[in-house]
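Data block below; observations after.
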Amino acid sequence: MDHINEITHIESVRLSDDGASVIIIDQTQLPNRTEYLTLSSAKDMWEAIYHLKVRGAPAIGICAGYGIYCLALQIRERNYDGFLRKFRENKNYLNSSRPTAVNLSWALNRMEQVVTGNSDKEITEILELLKEECMKIHQEDISMCRAISEYGLSLLKDGDGILTHCNAGPLATSRYGTGQGPLFLGKERGMNFRVYADETRPLLQGARLTSYELQKAGIDVTLICDNMASIVMKNGWIQACMVGCDRVAANGDVANKIGTSGVAILARYYGIPFYVLGPTSTIDMSCKTGNEIVIELREPEEIKGKFYSEPVALKEVKCYNPAFDVTDHSLITAIITEQGICRPPYTDSLAVLF
Ligand code: MRU
């Protein structure tokens with residue numbers, strides 16, 4: 001396999017060979033170690049999602065789909081009501097692991113509909129249908145990522161400089177990725193991009209994951225600290241910004257990794273197009289605007305200590321650590337989905353997709 005193929009075929013989430021557990025790459029160990037984890041209990045799954053061992057909106061959804069199926073296999077109840085009650089307990093528990101990426105609840109709701117839509121069937125049959133559904137969620141994500149990458153690539157020219165934020169590549173999705181998908185697809189077709197990857201404080205998904213994926217694929221990538229985005233734009237090195245998304249509201253406001261909205265504001269100042277790429281499973285039409293999106297708050301430790309040999313701030317110093325922010329729709333040049341490129345006004349162009 002060539003280098004790009006190796007990266008775009010990384011399976012960050014899959015069902016185990018015996019079909020009873022979920023296998024993930026532990027993304028917290030990258031780029032230093034490639035370790036796989038087997039998740040069998042609800043607690044294993046909850047913790048893997050909460051601690052970002054599996055992360056990125058689509059990958060979280062795929063993991064939740066496989067996870068709830070594996071947990072359904074463990075339910076002893078053989079009468080429908082008892083089965084549904086236990087299924088919902090697991091569903092609510094997994095759903096509480098992270099609030100912002102809609103793909104988590106989207107995948108869990110899809111799996112629940114298989115149970116509620118087949119109440120006349122034997123539990124063994126329902127389990128078969130659940131298995132089909134979670135595999136379908138994964139397969140669909142593969143083709144959505146491919147289509148998003150094609151549409152995204154149509155917006156780029158050979159030699160362009162691209163700024164990325166966080167990680168929306170193969171590890172966060174399936175195969176090509178979303179935000180970084182056009183870069184892998186373009187490279188496969190012989191195009192050369194110069195990518196500037198924001199390190200993405202505080203959890204460093206850009207440094208640990210995006211620069212790893214791009215470098216391994218032989219794409220020209222330069223890692224920068226988040227506060228260097230302005231200078232590379234001012235230098236004229238950036239022709240487009242491309243990011244993924246965790247939840248898109250009906251008006252086109254986009255929740256994505258903390259710092260994304262700052263990049264969009266800078267891009268507007270410098271006249272650089274700002275593109276958001278994501279599957280329609282990340283669009284939440286029940287959310288009218290970004291104000292309704294719940295933003296996950298995380299531990300101060302991630303800012304003060306996590307990646308340092310000793311703390312960088314006093315223990316008693318307060319920290320505010322939102323994991324996401326909302327980019328206003330007015331700053332977004334286009335939202336690229338597997339169904340095509342949506343342009344403003346997003347209330348119209350997104351509604352057409354549903
Ligand atoms: O907290 P994370 O690492 O799960 O956040 C991920 C992001 O913000 C990604 O940019 C987003 O999920 C898009 S992934 C295709």
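Ordered as shown in the structure tokens, chains take letters A, B, and onward, while each chain numbers its residues from 1 and ligands are numbered from 1 in the order shown.
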Using only C-alpha atoms and all ligand atoms, find each residue with an atom at most 6 Å away from ligand 1 and format the answer as a ChimeraX atom specification. /A:55-58,166-168,172-173,178,244-246,256-257
For Asn291 of chain A, list every protein, DNA or RNA residue within 9 Å, evaluated using only C-alpha atoms, and leave out those in the same chain fewer than 6 positions away; present the list as a ChimeraX atom specification. /A:249,253,326
N, CA and C atoms of the current selection, written as an mmCIF file, in the first residue's frame:
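Below is the file out-v4.cif, written as the result:
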```cif
data_model
loop_
_atom_site.group_PDB
_atom_site.id
_atom_site.type_symbol
_atom_site.label_atom_id
_atom_site.label_comp_id
_atom_site.auth_asym_id
_atom_site.auth_seq_id
_atom_site.Cartn_x
_atom_site.Cartn_y
_atom_site.Cartn_z
ATOM 1 N N ALA A 249 -26.031 24.327 12.890
ATOM 2 C CA ALA A 249 -27.424 24.743 13.122
ATOM 3 C C ALA A 249 -28.097 25.066 11.788
ATOM 4 N N ASP A 253 -24.785 28.398 11.458
ATOM 5 C CA ASP A 253 -23.795 28.565 12.533
ATOM 6 C C ASP A 253 -23.167 27.194 12.785
ATOM 7 N N VAL A 326 -18.629 28.481 18.509
ATOM 8 C CA VAL A 326 -19.563 28.542 17.385
ATOM 9 C C VAL A 326 -19.103 29.640 16.433
#
```
Which residues come within 12 Å of Glu47 of chain A, counting only C-alpha atoms, excluding same-chain residues fewer than 6 positions away, as a count of residues only? 16
Tell me, as a PyMOL selection string, which residues lie within 8 Å of Asp198 of chain A, counting only C-alpha atoms; anything in the same chain fewer than 5 positions away does not count. chain A and resi 163-166+206-207+223-226+229
Which residues are close to Lys157 of chain A, i.e. within 10 Å by only C-alpha atoms, leaving aside same-chain residues fewer than 4 positions away? Reply as JSON, numbers by chain. {"A": [153, 161, 186, 191, 192, 193, 239]}
May I have a table of the residues of segment 54-148 of chain A lying at most 10 Å from segment 293-316 of chain A, giving each one's closest pair of atoms and their distance in Å to one decimal, counting only C-alpha atoms, ordered by chain and ascending residue number, as a Markdown table?
```
| residue | atom | partner | partner_atom | distance |
| --- | --- | --- | --- | --- |
| A:Arg98 | CA | A:Glu296 | CA | 7.0 |
| A:Pro99 | CA | A:Glu296 | CA | 6.0 |
| A:Thr100 | CA | A:Val294 | CA | 5.7 |
| A:Ala101 | CA | A:Val294 | CA | 9.3 |
| A:Val102 | CA | A:Ile293 | CA | 9.5 |
```
Segment 268-344 of chain A: residues DSSP assigns to helix (DSSP H, G or I), reported as a list in words: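 Selecting the helix (DSSP H, G or I) positions of segment 268-344 of chain A gives Arg268, Tyr269, Tyr270, Thr280, Ser281, Thr282, Gly290, Asn291, Glu292, Glu301, Glu302, Ile303, Lys304, His329, Ser330 and Leu331 of chain A.
Put simply, atom CA of Arg194 of chain A is 18.4 Å away from atom CA of Glu150 of chain A.
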Residues at most 7 Å from Pro273 of chain A, counting only C-alpha atoms, excluding those fewer than 5 positions away in the same chain, as a ChimeraX atom specification? /A:240-241,267,333
Compare A:His329, A:Arg78, A:Lys187, A:Lys91 by their minimum atom-to-atom distance to Ile219 of chain A, counting only C-alpha atoms, and give me the closest one.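 Among A:His329, A:Arg78, A:Lys187, A:Lys91, it is A:Lys187 that comes nearest to Ile219 of chain A.
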Calculate how many Å separate atom CA of Tyr196 of chain A from atom CA of Ser211 of chain A, rounding to one decimal.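 Taking atom CA of Tyr196 of chain A and atom CA of Ser211 of chain A, their separation equals 8.8 Å.
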Which residues come within 10 Å of Pro182 of chain A, counting only C-alpha atoms, excluding same-chain residues fewer than 5 positions away, as a PyMOL selection string? chain A and resi 145-156+169+176-177+187-188+242+277
Take the selection from the previous step and output its residues with C-alpha atoms, as a PDB file, in the first residue's frame.
```pdb
ATOM      1  CA  CYS A 145     -16.367  11.399   3.282  1.00  0.00           C
ATOM      2  CA  ARG A 146     -15.411  10.493  -0.263  1.00  0.00           C
ATOM      3  CA  ALA A 147     -18.134  12.713  -1.753  1.00  0.00           C
ATOM      4  CA  ILE A 148     -17.283  15.609   0.604  1.00  0.00           C
ATOM      5  CA  SER A 149     -13.633  15.308  -0.422  1.00  0.00           C
ATOM      6  CA  GLU A 150     -14.584  15.504  -4.124  1.00  0.00           C
ATOM      7  CA  TYR A 151     -16.700  18.611  -3.619  1.00  0.00           C
ATOM      8  CA  GLY A 152     -14.059  20.182  -1.393  1.00  0.00           C
ATOM      9  CA  LEU A 153     -11.301  19.473  -3.901  1.00  0.00           C
ATOM     10  CA  SER A 154     -13.261  21.273  -6.606  1.00  0.00           C
ATOM     11  CA  LEU A 155     -12.692  24.485  -4.596  1.00  0.00           C
ATOM     12  CA  LEU A 156      -8.884  24.167  -4.541  1.00  0.00           C
ATOM     13  CA  GLY A 169      -9.033  13.525   8.750  1.00  0.00           C
ATOM     14  CA  TYR A 176     -10.467  10.415   3.550  1.00  0.00           C
ATOM     15  CA  GLY A 177     -11.975  12.525   6.294  1.00  0.00           C
ATOM     16  CA  LYS A 187      -2.525  14.262  -3.250  1.00  0.00           C
ATOM     17  CA  GLU A 188      -3.753  10.949  -4.640  1.00  0.00           C
ATOM     18  CA  MET A 242     -10.790  24.077   5.733  1.00  0.00           C
ATOM     19  CA  LEU A 277     -16.828  20.360   5.580  1.00  0.00           C
TER      20      LEU A 277
END
```
Rounded to one decimal place, report the atom CA of Ile68 of chain A-atom CA of Leu350 of chain A distance in Å.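 Going from atom CA of Ile68 of chain A over to atom CA of Leu350 of chain A covers 29.5 Å.
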